[in-house]
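K.L.:
This is the content of run_12.txt (compact mmCIF, C-alpha atoms):
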# COMPACT_ATOMS: atom_id res chain seq x y z
CA MET A 1 -26.60 20.86 6.06
CA GLY A 2 -23.34 22.74 6.50
CA ILE A 3 -19.88 21.30 6.02
CA GLY A 4 -19.32 21.40 9.80
CA VAL A 5 -22.18 18.96 10.32
CA ILE A 6 -20.83 16.60 7.69
CA LEU A 7 -17.34 16.70 9.21
CA GLN A 8 -18.74 15.98 12.67
CA TRP A 9 -20.83 13.14 11.33
CA LEU A 10 -17.76 11.63 9.61
CA GLU A 11 -15.71 11.89 12.79
CA ALA A 12 -18.45 10.33 14.89
CA SER A 13 -19.04 7.45 12.48
CA ALA A 14 -18.38 3.91 13.70
CA LEU A 15 -15.61 3.44 11.15
CA ALA A 16 -13.75 6.62 12.20
CA THR A 17 -14.09 5.68 15.87
CA ARG A 18 -12.78 2.20 15.17
CA ILE A 19 -9.65 3.55 13.44
CA ARG A 20 -9.08 6.21 16.13
CA ASP A 21 -9.35 3.72 18.98
CA SER A 22 -6.99 1.19 17.41
CA LEU A 23 -3.28 1.24 18.11
CA TYR A 24 -2.49 -0.34 14.74
CA LEU A 25 -5.03 0.83 12.19
CA PHE A 26 -3.84 4.42 11.68
CA PRO A 27 -0.14 3.52 11.21
CA PHE A 28 -1.26 0.65 8.97
CA LEU A 29 -3.33 3.01 6.80
CA GLU A 30 -0.42 5.46 6.67
CA SER A 31 1.92 2.69 5.52
CA ILE A 32 -0.41 1.51 2.76
CA HIS A 33 -0.81 5.17 1.77
CA VAL A 34 2.99 5.49 1.47
CA ILE A 35 3.30 2.29 -0.59
CA GLY A 36 0.52 3.57 -2.85
CA LEU A 37 2.03 7.02 -3.29
CA ALA A 38 5.45 5.56 -4.05
CA LEU A 39 3.82 3.59 -6.88
CA VAL A 40 1.75 6.56 -8.07
CA PHE A 41 4.74 8.90 -8.17
CA GLY A 42 7.13 6.27 -9.51
CA THR A 43 4.92 5.24 -12.40
CA ILE A 44 3.99 8.84 -13.25
CA ALA A 45 7.66 9.81 -13.21
CA ILE A 46 8.44 6.98 -15.66
CA ILE A 47 5.84 8.37 -18.08
CA ASP A 48 6.95 11.99 -17.56
CA LEU A 49 10.59 11.13 -18.17
CA ARG A 50 9.54 9.34 -21.34
CA LEU A 51 7.68 12.47 -22.51
CA LEU A 52 10.76 14.56 -21.74
CA GLY A 53 12.96 12.20 -23.72
CA THR A 54 15.11 11.50 -20.64
CA ALA A 55 14.50 7.77 -20.27
CA SER A 56 12.90 4.78 -22.06
CA THR A 57 13.26 6.73 -25.28
CA GLU A 58 13.44 3.56 -27.37
CA ARG A 59 9.95 2.44 -26.27
CA PRO A 60 6.89 3.80 -28.09
CA PHE A 61 4.99 6.18 -25.80
CA LYS A 62 1.53 4.70 -26.30
CA ARG A 63 2.69 1.20 -25.50
CA MET A 64 4.34 2.43 -22.31
CA ALA A 65 1.28 4.41 -21.27
CA SER A 66 -1.08 1.45 -21.68
CA ASP A 67 1.47 -0.79 -19.94
CA ILE A 68 2.12 1.39 -16.92
CA LEU A 69 -0.83 3.72 -16.28
CA LYS A 70 -3.16 0.95 -15.12
CA TRP A 71 -0.77 0.43 -12.19
CA THR A 72 -0.86 4.17 -11.51
CA TRP A 73 -4.65 4.02 -11.21
CA ILE A 74 -4.62 0.92 -8.99
CA ALA A 75 -2.11 2.62 -6.69
CA PHE A 76 -4.04 5.89 -6.79
CA GLY A 77 -7.15 3.98 -5.70
CA LEU A 78 -5.19 2.65 -2.72
CA THR A 79 -4.04 6.11 -1.68
CA ALA A 80 -7.52 7.57 -2.14
CA VAL A 81 -9.15 4.90 0.03
CA THR A 82 -6.50 4.98 2.78
CA GLY A 83 -6.38 8.80 2.61
CA SER A 84 -10.15 9.07 3.04
CA LEU A 85 -10.08 6.67 5.98
CA MET A 86 -7.37 8.74 7.66
CA PHE A 87 -9.31 11.92 6.90
CA ILE A 88 -12.51 10.81 8.64
CA THR A 89 -10.69 10.06 11.92
CA ASN A 90 -10.09 13.77 12.41
CA ALA A 91 -12.11 15.37 9.63
CA GLY A 92 -12.56 18.80 11.25
CA VAL A 93 -8.84 19.30 11.86
CA TYR A 94 -7.76 18.08 8.42
CA TYR A 95 -10.43 20.13 6.67
CA HIS A 96 -9.11 23.34 8.22
CA ASN A 97 -5.43 22.42 7.86
CA PHE A 98 -3.59 24.61 5.36
CA TYR A 99 -1.44 21.81 3.93
CA PHE A 100 -4.41 19.49 3.55
CA ARG A 101 -6.18 22.16 1.49
CA ALA A 102 -3.01 22.87 -0.47
CA LYS A 103 -2.63 19.15 -1.21
CA MET A 104 -6.23 18.83 -2.42
CA ALA A 105 -5.78 21.92 -4.63
CA LEU A 106 -2.59 20.42 -6.05
CA LEU A 107 -4.39 17.13 -6.78
CA VAL A 108 -7.03 19.08 -8.72
CA LEU A 109 -4.21 20.86 -10.57
CA ALA A 110 -2.63 17.48 -11.38
CA ALA A 111 -5.97 16.27 -12.76
CA VAL A 112 -6.38 19.41 -14.90
CA ASN A 113 -2.81 19.02 -16.15
CA MET A 114 -3.43 15.36 -17.02
CA LEU A 115 -6.74 16.11 -18.78
CA SER A 116 -5.20 18.94 -20.80
CA PHE A 117 -2.71 16.38 -22.09
CA GLU A 118 -5.15 13.52 -22.68
CA LEU A 119 -7.62 15.73 -24.58
CA THR A 120 -5.01 17.28 -26.88
CA LEU A 121 -1.61 15.67 -27.42
CA GLY A 122 -2.69 12.33 -26.03
CA ARG A 123 -5.13 11.97 -28.92
CA SER A 124 -2.47 12.62 -31.54
CA ALA A 125 0.11 10.44 -29.76
CA HIS A 126 0.35 8.09 -32.76
CA ARG A 127 2.05 10.95 -34.64
CA TRP A 128 4.96 11.34 -32.20
CA ASP A 129 4.74 7.92 -30.54
CA LYS A 130 8.23 6.82 -31.56
CA ALA A 131 9.96 10.20 -31.30
CA THR A 132 12.64 10.59 -28.61
CA ALA A 133 10.60 13.22 -26.78
CA ALA A 134 7.03 14.55 -26.93
CA PRO A 135 6.30 17.90 -28.66
CA PRO A 136 7.05 20.99 -26.49
CA ALA A 137 3.52 21.10 -25.00
CA GLY A 138 3.89 17.47 -23.91
CA ARG A 139 7.25 18.19 -22.31
CA ALA A 140 5.72 21.14 -20.47
CA VAL A 141 2.93 18.90 -19.16
CA ALA A 142 5.56 16.42 -17.97
CA VAL A 143 7.51 19.11 -16.06
CA PHE A 144 4.29 20.43 -14.47
CA SER A 145 3.30 16.90 -13.56
CA LEU A 146 6.62 16.17 -11.80
CA VAL A 147 6.55 19.48 -9.92
CA ILE A 148 2.90 19.07 -8.89
CA TRP A 149 3.31 15.49 -7.65
CA ILE A 150 6.47 16.28 -5.70
CA SER A 151 4.57 19.20 -4.11
CA VAL A 152 1.67 16.86 -3.30
CA ILE A 153 4.07 14.59 -1.40
CA PHE A 154 5.64 17.52 0.48
CA ALA A 155 2.23 18.93 1.42
CA GLY A 156 1.03 15.49 2.49
CA ARG A 157 4.00 14.98 4.80
CA LEU A 158 3.44 18.45 6.30
CA ILE A 159 -0.19 17.59 7.13
CA GLY A 160 1.17 15.01 9.56
CA PHE A 161 3.49 17.55 11.19
CA THR A 162 0.85 20.28 11.52
CA THR A 163 -2.18 18.40 12.85
CA SER A 164 -2.48 17.83 16.57
CA ARG A 165 -3.13 14.13 16.21
CA ALA A 166 0.49 13.45 15.22
CA LYS A 167 1.64 15.07 18.47
CA GLU A 168 -0.78 13.02 20.53
CA VAL A 169 0.20 9.69 19.03
CA ALA A 170 3.95 9.77 19.69
CA PRO A 171 4.57 11.63 22.93
CA THR A 172 8.00 11.66 24.55
CA PRO A 173 7.72 9.18 27.43
CA ALA A 174 7.61 11.25 30.62
CA ASP A 175 9.48 8.68 32.70
CA VAL A 176 12.48 8.47 30.34
CA ASN A 177 15.30 10.93 30.91
CA LEU A 178 16.87 11.14 27.46
CA GLU A 179 19.96 13.00 28.72
CA GLU A 180 20.67 10.12 31.06
CA LEU A 181 20.90 7.63 28.22
CA PHE A 182 24.05 9.30 26.88
CA GLN A 183 25.93 9.46 30.17
CA GLU A 184 28.59 6.84 30.74
CA THR A 185 27.31 6.09 34.21
CA PRO A 186 23.61 6.77 34.45
CA ALA A 187 22.49 8.53 37.59
CA ALA A 188 20.17 5.65 38.36
CA PRO A 189 21.05 2.27 36.77
CA ARG A 190 17.54 1.32 35.83
CA ASN A 191 17.78 0.87 32.08
CA LYS A 192 18.48 -2.84 32.12
CA MET B 193 8.73 -2.17 -12.42
CA ILE B 194 11.40 -4.88 -12.42
CA ASP B 195 9.21 -7.02 -10.14
CA LEU B 196 6.20 -6.49 -12.42
CA ARG B 197 8.33 -7.47 -15.42
CA LEU B 198 9.49 -10.63 -13.63
CA LEU B 199 5.86 -11.50 -12.90
CA GLY B 200 4.93 -10.81 -16.52
CA TRP B 201 2.43 -8.11 -15.50
CA ALA B 202 4.12 -5.16 -17.21
CA GLY B 203 6.80 -4.32 -19.74
CA MET B 204 6.50 -7.61 -21.62
CA ASP B 205 7.57 -5.85 -24.84
CA GLN B 206 10.98 -5.46 -23.21
CA THR B 207 13.53 -8.13 -22.34
CA LEU B 208 14.46 -8.57 -18.71
CA ARG B 209 17.86 -7.09 -19.47
CA GLN B 210 16.32 -4.02 -21.09
CA THR B 211 14.09 -3.58 -18.06
CA THR B 212 16.94 -3.77 -15.54
CA ASN B 213 19.09 -1.49 -17.70
CA ARG B 214 16.27 1.07 -17.71
CA PHE B 215 15.38 0.97 -14.02
CA GLY B 216 18.48 -0.35 -12.23
CA PRO B 217 20.45 2.93 -12.24
CA TRP B 218 17.39 4.89 -11.01
CA LEU B 219 16.87 2.28 -8.30
CA MET B 220 20.42 2.68 -7.06
CA GLY B 221 20.24 6.48 -7.35
CA ALA B 222 17.05 6.58 -5.28
CA LEU B 223 18.60 4.22 -2.74
CA TRP B 224 21.58 6.57 -2.30
CA LEU B 225 19.23 9.55 -1.97
CA MET B 226 17.23 7.76 0.73
CA LEU B 227 20.43 6.73 2.51
CA ALA B 228 21.63 10.35 2.55
CA THR B 229 18.33 11.86 3.74
CA GLY B 230 17.86 8.96 6.17
CA ILE B 231 21.27 9.60 7.74
CA LEU B 232 20.41 13.29 8.08
CA MET B 233 17.18 12.40 9.91
CA VAL B 234 19.02 10.01 12.24
CA ILE B 235 21.58 12.73 13.03
CA GLY B 236 18.70 15.14 13.62
CA GLU B 237 16.89 12.96 16.12
CA PRO B 238 19.20 10.05 17.06
CA VAL B 239 17.25 8.94 20.13
CA ARG B 240 13.89 8.94 18.35
CA GLU B 241 15.33 6.71 15.60
CA LEU B 242 17.94 4.49 17.21
CA MET B 243 15.85 3.60 20.24
CA THR B 244 13.18 1.89 18.19
CA PHE B 245 12.72 -1.75 17.30
CA SER B 246 11.16 -0.74 13.97
CA PHE B 247 14.32 1.14 12.93
CA TRP B 248 16.66 -1.81 13.43
CA LEU B 249 14.34 -4.34 11.82
CA LYS B 250 13.95 -1.91 8.91
CA MET B 251 17.74 -1.53 8.57
CA PHE B 252 18.09 -5.31 8.54
CA LEU B 253 15.50 -5.62 5.76
CA VAL B 254 17.09 -2.75 3.79
CA ALA B 255 20.39 -4.65 3.94
CA VAL B 256 18.69 -7.87 2.77
CA GLY B 257 16.78 -6.05 0.00
CA THR B 258 19.92 -4.27 -1.21
CA VAL B 259 21.98 -7.49 -1.29
CA ILE B 260 19.23 -9.25 -3.28
CA ALA B 261 19.03 -6.33 -5.73
CA ALA B 262 22.82 -6.19 -6.16
CA VAL B 263 23.18 -9.95 -6.68
CA PHE B 264 20.22 -9.96 -9.04
CA GLN B 265 21.64 -7.13 -11.16
CA ARG B 266 24.93 -9.02 -11.50
CA THR B 267 23.33 -12.32 -12.48
CA VAL B 268 20.50 -11.03 -14.67
CA ARG B 269 22.49 -11.49 -17.88
CA LYS B 270 21.93 -15.23 -17.47
CA TYR B 271 18.23 -14.79 -18.15
CA GLU B 272 18.73 -12.44 -21.07
CA GLY B 273 16.23 -12.98 -23.83
CA ASP B 274 13.88 -15.10 -21.72
CA PRO B 275 10.42 -13.99 -22.81
CA VAL B 276 8.65 -15.87 -20.04
CA THR B 277 10.22 -15.89 -16.61
CA SER B 278 10.65 -18.90 -14.39
CA VAL B 279 8.84 -19.71 -11.15
CA PRO B 280 11.92 -19.00 -8.97
CA LEU B 281 12.27 -15.56 -10.55
CA LYS B 282 8.57 -14.87 -9.98
CA SER B 283 8.94 -15.88 -6.32
CA LEU B 284 11.92 -13.56 -6.09
CA ALA B 285 9.74 -10.73 -7.42
CA VAL B 286 7.05 -11.38 -4.83
CA LEU B 287 9.66 -11.69 -2.07
CA THR B 288 11.42 -8.44 -2.91
CA PHE B 289 8.12 -6.60 -3.24
CA LEU B 290 7.12 -7.83 0.22
CA ILE B 291 10.52 -6.89 1.68
CA TRP B 292 10.28 -3.33 0.39
CA ALA B 293 6.65 -3.05 1.46
CA CYS B 294 7.66 -4.15 4.98
CA ILE B 295 10.46 -1.57 4.93
CA ILE B 296 7.91 1.15 4.19
CA VAL B 297 5.57 -0.07 6.93
CA LEU B 298 8.43 -0.28 9.44
CA GLY B 299 9.65 3.18 8.44
CA ARG B 300 6.24 4.56 9.28
CA LEU B 301 6.17 2.52 12.50
CA ILE B 302 9.35 4.22 13.77
CA ALA B 303 6.99 7.00 14.80
CA TYR B 304 4.71 4.49 16.54
CA ASP B 305 7.23 2.15 18.10
CA HIS B 306 5.09 1.65 21.22
CA ILE B 307 2.97 -0.86 19.28
CA TRP B 308 5.82 -3.37 19.79
CA GLY B 309 5.33 -3.17 23.54
CA SER B 310 8.32 -4.56 25.44
CA TRP B 311 10.22 -5.23 22.20
CA SER B 312 10.76 -1.52 21.82
CA PRO B 313 14.08 -0.49 23.45
CA ALA B 314 12.50 2.82 24.50
CA ALA B 315 10.02 0.93 26.66
CA LYS B 316 12.81 -0.73 28.69
CA SER B 317 14.46 2.49 29.80
Go through the file and emit its structure as structure tokens.

P.N.:
Amino acid sequence: MGIGVILQWLEASALATRIRDSLYLFPFLESIHVIGLALVFGTIAIIDLRLLGTASTERPFKRMASDILKWTWIAFGLTAVTGSLMFITNAGVYYHNFYFRAKMALLVLAAVNMLSFELTLGRSAHRWDKATAAPPAGRAVAVFSLVIWISVIFAGRLIGFTTSRAKEVAPTPADVNLEELFQETPAAPRNK
Amino acid sequence: MIDLRLLGWAGMDQTLRQTTNRFGPWLMGALWLMLATGILMVIGEPVRELMTFSFWLKMFLVAVGTVIAAVFQRTVRKYEGDPVTSVPLKSLAVLTFLIWACIIVLGRLIAYDHIWGSWSPAAKS
């Protein structure tokens, strides 16, 4: 079974059809996705800035990580679920979209970056826990992390601007003459 | 983070004052950044933004959320050293979280203002 068949099957599924046909569901999913990503990026940035020694320097790193990262994962779960639901409504288009692919690649990069930290410096965190900043490798991971996640957000926003669905959903109303709205005396007084 | 601290769900090794000192300036900085980029987007497409119900309801909630945040930051010293926060403060945390969540939803809805039907100014033209 090729990927094309899977994409078609996803698009044709009852769930995808339900979301596509609803006026509210897609914007609702997008909104939850935005709330989730704000929390993901916000909490990750707090940790990264701690590693860099820019903020929260008086708090031990390990305590902060165990305090905050659970919220990162909850929020990431939200974005993953809402993102998948949005994906299946137009799977074929998203799958071939450059920014979608770029975003997925960046997410993989973010995971690799995170794992490289967890498997090395993360394990020896008790040694530099109370230091103002992490060792150089940890600071590098933090910079990469910030750059990658900001890029993920940019790529994500561009998916919406480069897939046809976005154009279909919010068309300029054909019966509204936008020029007219700015004239002091409209040609036809019908806007009341 | 401040809301989570008020609820007692995160940052309990920090006092409320330490939490607001840590996050308050970033909150205000981010708010200014959003105001600046938001104004640029409105200038870019004034009709698309200003002719929507979602935009004006969002602006109202942003004003409410900002006033609450500003008043809270000024009065927080009263609760300094409180390890466990009171029920009114917890309600405030839930309320502000909901306000900012609504702001995000409404921001997204600016692009889908037709869901408001006749409430959308664009629909009346």

K.L.:
Would you tabulate, counting only C-alpha atoms, all residues of chain B that have an atom at most 10 Å from an atom of chain A, showing the closest pair of atoms and their distance in Å to one decimal, sorted by chain then ascending number, as JSON lines?

P.N.:
{"residue": "B:Met193", "atom": "CA", "partner": "A:Thr43", "partner_atom": "CA", "distance": 8.3}
{"residue": "B:Leu196", "atom": "CA", "partner": "A:Trp71", "partner_atom": "CA", "distance": 9.8}
{"residue": "B:Trp201", "atom": "CA", "partner": "A:Asp67", "partner_atom": "CA", "distance": 8.6}
{"residue": "B:Ala202", "atom": "CA", "partner": "A:Asp67", "partner_atom": "CA", "distance": 5.8}
{"residue": "B:Gly203", "atom": "CA", "partner": "A:Asp67", "partner_atom": "CA", "distance": 6.4}
{"residue": "B:Met204", "atom": "CA", "partner": "A:Asp67", "partner_atom": "CA", "distance": 8.6}
{"residue": "B:Asp205", "atom": "CA", "partner": "A:Arg63", "partner_atom": "CA", "distance": 8.6}
{"residue": "B:Gln206", "atom": "CA", "partner": "A:Arg59", "partner_atom": "CA", "distance": 8.5}
{"residue": "B:Gln210", "atom": "CA", "partner": "A:Ser56", "partner_atom": "CA", "distance": 9.5}
{"residue": "B:Thr211", "atom": "CA", "partner": "A:Ser56", "partner_atom": "CA", "distance": 9.3}
{"residue": "B:Asn213", "atom": "CA", "partner": "A:Ser56", "partner_atom": "CA", "distance": 9.8}
{"residue": "B:Arg214", "atom": "CA", "partner": "A:Ser56", "partner_atom": "CA", "distance": 6.6}
{"residue": "B:Phe215", "atom": "CA", "partner": "A:Ser56", "partner_atom": "CA", "distance": 9.2}
{"residue": "B:Val239", "atom": "CA", "partner": "A:Leu178", "partner_atom": "CA", "distance": 7.7}
{"residue": "B:Arg240", "atom": "CA", "partner": "A:Thr172", "partner_atom": "CA", "distance": 9.0}
{"residue": "B:Trp292", "atom": "CA", "partner": "A:Ile35", "partner_atom": "CA", "distance": 9.0}
{"residue": "B:Ala293", "atom": "CA", "partner": "A:Ile35", "partner_atom": "CA", "distance": 6.6}
{"residue": "B:Cys294", "atom": "CA", "partner": "A:Ser31", "partner_atom": "CA", "distance": 8.9}
{"residue": "B:Ile295", "atom": "CA", "partner": "A:Ser31", "partner_atom": "CA", "distance": 9.6}
{"residue": "B:Ile296", "atom": "CA", "partner": "A:Ser31", "partner_atom": "CA", "distance": 6.3}
{"residue": "B:Val297", "atom": "CA", "partner": "A:Ser31", "partner_atom": "CA", "distance": 4.8}
{"residue": "B:Leu298", "atom": "CA", "partner": "A:Ser31", "partner_atom": "CA", "distance": 8.2}
{"residue": "B:Gly299", "atom": "CA", "partner": "A:Ser31", "partner_atom": "CA", "distance": 8.3}
{"residue": "B:Arg300", "atom": "CA", "partner": "A:Ser31", "partner_atom": "CA", "distance": 6.0}
{"residue": "B:Leu301", "atom": "CA", "partner": "A:Pro27", "partner_atom": "CA", "distance": 6.5}
{"residue": "B:Ile302", "atom": "CA", "partner": "A:Ala170", "partner_atom": "CA", "distance": 9.7}
{"residue": "B:Ala303", "atom": "CA", "partner": "A:Ala170", "partner_atom": "CA", "distance": 6.4}
{"residue": "B:Tyr304", "atom": "CA", "partner": "A:Ala170", "partner_atom": "CA", "distance": 6.2}
{"residue": "B:Asp305", "atom": "CA", "partner": "A:Ala170", "partner_atom": "CA", "distance": 8.4}
{"residue": "B:His306", "atom": "CA", "partner": "A:Ala170", "partner_atom": "CA", "distance": 8.3}
{"residue": "B:Ile307", "atom": "CA", "partner": "A:Leu23", "partner_atom": "CA", "distance": 6.7}
{"residue": "B:Pro313", "atom": "CA", "partner": "A:Asn191", "partner_atom": "CA", "distance": 9.5}
{"residue": "B:Ala314", "atom": "CA", "partner": "A:Val176", "partner_atom": "CA", "distance": 8.1}
{"residue": "B:Ala315", "atom": "CA", "partner": "A:Pro173", "partner_atom": "CA", "distance": 8.6}
{"residue": "B:Lys316", "atom": "CA", "partner": "A:Asn191", "partner_atom": "CA", "distance": 6.2}
{"residue": "B:Ser317", "atom": "CA", "partner": "A:Asn191", "partner_atom": "CA", "distance": 4.3}

K.L.:
Distance atom CA of A:Tyr94-atom CA of A:Phe41, one decimal place?

P.N.:
22.7 Å

K.L.:
How far is it from atom CA of B:Ala255 to atom CA of B:Val286, in Å with one decimal?

P.N.:
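Computing it gives 17.3 Å between the two atoms.
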
K.L.:
Would you list the contacts of A:Ala110 as a CSV table (one decimal) with C-alpha atoms, in the coordinates of the input, taking every protein, DNA or RNA residue within 12 Å and counting all atoms listed in the file, but skipping same-chain residues closer than 5 positions in sequence?

P.N.:
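result.csv written:
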chain,number,residue,atom,x,y,z
A,41,PHE,CA,4.7,8.9,-8.2
A,44,ILE,CA,4.0,8.8,-13.2
A,103,LYS,CA,-2.6,19.2,-1.2
A,104,MET,CA,-6.2,18.8,-2.4
A,105,ALA,CA,-5.8,21.9,-4.6
A,115,LEU,CA,-6.7,16.1,-18.8
A,116,SER,CA,-5.2,18.9,-20.8
A,117,PHE,CA,-2.7,16.4,-22.1
A,141,VAL,CA,2.9,18.9,-19.2
A,142,ALA,CA,5.6,16.4,-18.0
A,143,VAL,CA,7.5,19.1,-16.1
A,144,PHE,CA,4.3,20.4,-14.5
A,145,SER,CA,3.3,16.9,-13.6
A,146,LEU,CA,6.6,16.2,-11.8
A,147,VAL,CA,6.6,19.5,-9.9
A,148,ILE,CA,2.9,19.1,-8.9
A,149,TRP,CA,3.3,15.5,-7.6
A,150,ILE,CA,6.5,16.3,-5.7
A,151,SER,CA,4.6,19.2,-4.1
A,152,VAL,CA,1.7,16.9,-3.3

K.L.:
Show me the residues close to (6.6, -14.7, -8.1) - anything with an atom within 12 Å, counting only C-alpha atoms - and format the list as a PDB file with C-alpha atoms, in the frame of the given file.

P.N.:
ATOM      1  CA  ILE B 194      11.400  -4.880 -12.420  1.00  0.00           C
ATOM      2  CA  ASP B 195       9.210  -7.020 -10.140  1.00  0.00           C
ATOM      3  CA  LEU B 196       6.200  -6.490 -12.420  1.00  0.00           C
ATOM      4  CA  ARG B 197       8.330  -7.470 -15.420  1.00  0.00           C
ATOM      5  CA  LEU B 198       9.490 -10.630 -13.630  1.00  0.00           C
ATOM      6  CA  LEU B 199       5.860 -11.500 -12.900  1.00  0.00           C
ATOM      7  CA  GLY B 200       4.930 -10.810 -16.520  1.00  0.00           C
ATOM      8  CA  TRP B 201       2.430  -8.110 -15.500  1.00  0.00           C
ATOM      9  CA  THR B 277      10.220 -15.890 -16.610  1.00  0.00           C
ATOM     10  CA  SER B 278      10.650 -18.900 -14.390  1.00  0.00           C
ATOM     11  CA  VAL B 279       8.840 -19.710 -11.150  1.00  0.00           C
ATOM     12  CA  PRO B 280      11.920 -19.000  -8.970  1.00  0.00           C
ATOM     13  CA  LEU B 281      12.270 -15.560 -10.550  1.00  0.00           C
ATOM     14  CA  LYS B 282       8.570 -14.870  -9.980  1.00  0.00           C
ATOM     15  CA  SER B 283       8.940 -15.880  -6.320  1.00  0.00           C
ATOM     16  CA  LEU B 284      11.920 -13.560  -6.090  1.00  0.00           C
ATOM     17  CA  ALA B 285       9.740 -10.730  -7.420  1.00  0.00           C
ATOM     18  CA  VAL B 286       7.050 -11.380  -4.830  1.00  0.00           C
ATOM     19  CA  LEU B 287       9.660 -11.690  -2.070  1.00  0.00           C
ATOM     20  CA  THR B 288      11.420  -8.440  -2.910  1.00  0.00           C
ATOM     21  CA  PHE B 289       8.120  -6.600  -3.240  1.00  0.00           C
ATOM     22  CA  LEU B 290       7.120  -7.830   0.220  1.00  0.00           C
TER      23      LEU B 290
END

K.L.:
What separation in Å, quoted to one decimal, exists between atom CA of B:Pro238 and atom CA of B:Met226?

P.N.:
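About the pair atom CA of B:Pro238 and atom CA of B:Met226: they are 16.6 Å apart.
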
K.L.:
For B:Met220, which residue out of B:Leu253, B:Thr258, B:Met243, B:Ile235 is the nearest one, using all atoms listed in the file?

P.N.:
B:Thr258

K.L.:
Between B:Trp218, B:Glu241, B:Leu249, B:Arg209, which has the minimum distance to A:Ala45 (counting only C-alpha atoms)?

P.N.:
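Checking each of B:Trp218, B:Glu241, B:Leu249, B:Arg209 against A:Ala45, counting only C-alpha atoms, the winner is B:Trp218.
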
K.L.:
Contacts of A:Ala14 at 12 Å or less, counting all atoms listed in the file, minus same-chain residues fewer than 4 places along, as a compact mmCIF listing (two decimals) with C-alpha atoms, in the frame of the given file?

P.N.:
# COMPACT_ATOMS: atom_id res chain seq x y z
CA TRP A 9 -20.83 13.14 11.33
CA LEU A 10 -17.76 11.63 9.61
CA ARG A 18 -12.78 2.20 15.17
CA ILE A 19 -9.65 3.55 13.44
CA ARG A 20 -9.08 6.21 16.13
CA ASP A 21 -9.35 3.72 18.98
CA LEU A 85 -10.08 6.67 5.98
CA ILE A 88 -12.51 10.81 8.64
CA THR A 89 -10.69 10.06 11.92

K.L.:
Identify, on the basis of all atoms listed in the file, every residue whose closest approach to A:Pro60 does not exceed 8 Å; exclude the query and any residue fewer than 4 positions from it along the same chain; express the result as a count of residues only.

P.N.:
4

K.L.:
Taking all atoms listed in the file into account, which of A:Thr79, A:Thr17, A:Thr54, A:Gln8 comes nearest A:Ile153?

P.N.:
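Checking each candidate against A:Ile153, we get A:Thr79 as the closest.
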
K.L.:
Excluding A:Ala134 and its own-chain neighbours fewer than 4 positions away, which residues fall within 7 Å of it when counting only C-alpha atoms? Please give them as a list in words.

P.N.:
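Answer for this query is Leu51, Leu52, Trp128, Gly138 and Arg139 of chain A.
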
K.L.:
Which one of A:Val5, A:Ala91, A:Leu158, A:Leu121 sits closest to A:Pro136 if you count only C-alpha atoms?

P.N.:
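Between A:Val5, A:Ala91, A:Leu158, A:Leu121, the residue approaching A:Pro136 most closely is A:Leu121.
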
K.L.:
Kindly write C-alpha atoms of stretch 46-76 of chain A from the structure just given to a file, as a short mmCIF file (atom, residue, chain, number, x, y, z; two decimals), in the first residue's frame.

P.N.:
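out-v2.cif was written with the following content:
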data_model
loop_
_atom_site.label_atom_id
_atom_site.label_comp_id
_atom_site.auth_asym_id
_atom_site.auth_seq_id
_atom_site.Cartn_x
_atom_site.Cartn_y
_atom_site.Cartn_z
CA ILE A 46 12.02 29.03 30.08
CA ILE A 47 14.23 25.93 30.27
CA ASP A 48 16.53 27.11 27.45
CA LEU A 49 17.00 30.52 29.06
CA ARG A 50 17.85 28.75 32.32
CA LEU A 51 20.49 26.66 30.52
CA LEU A 52 21.92 29.82 28.96
CA GLY A 53 22.08 31.51 32.35
CA THR A 54 19.80 34.33 31.15
CA ALA A 55 16.88 33.84 33.53
CA SER A 56 15.82 31.88 36.65
CA THR A 57 19.50 31.46 37.43
CA GLU A 58 18.85 31.16 41.16
CA ARG A 59 16.69 28.04 40.70
CA PRO A 60 18.38 24.63 40.43
CA PHE A 61 18.05 23.31 36.88
CA LYS A 62 16.79 19.83 37.74
CA ARG A 63 14.03 21.16 39.95
CA MET A 64 12.90 23.50 37.18
CA ALA A 65 12.99 20.77 34.57
CA SER A 66 10.84 18.39 36.63
CA ASP A 67 8.52 21.29 37.51
CA ILE A 68 7.99 22.62 34.01
CA LEU A 69 8.61 19.89 31.42
CA LYS A 70 5.49 17.91 32.31
CA TRP A 71 3.48 20.92 31.11
CA THR A 72 5.53 20.98 27.92
CA TRP A 73 4.55 17.37 27.23
CA ILE A 74 0.87 17.93 28.02
CA ALA A 75 0.84 20.90 25.64
CA PHE A 76 2.81 18.98 23.01
#
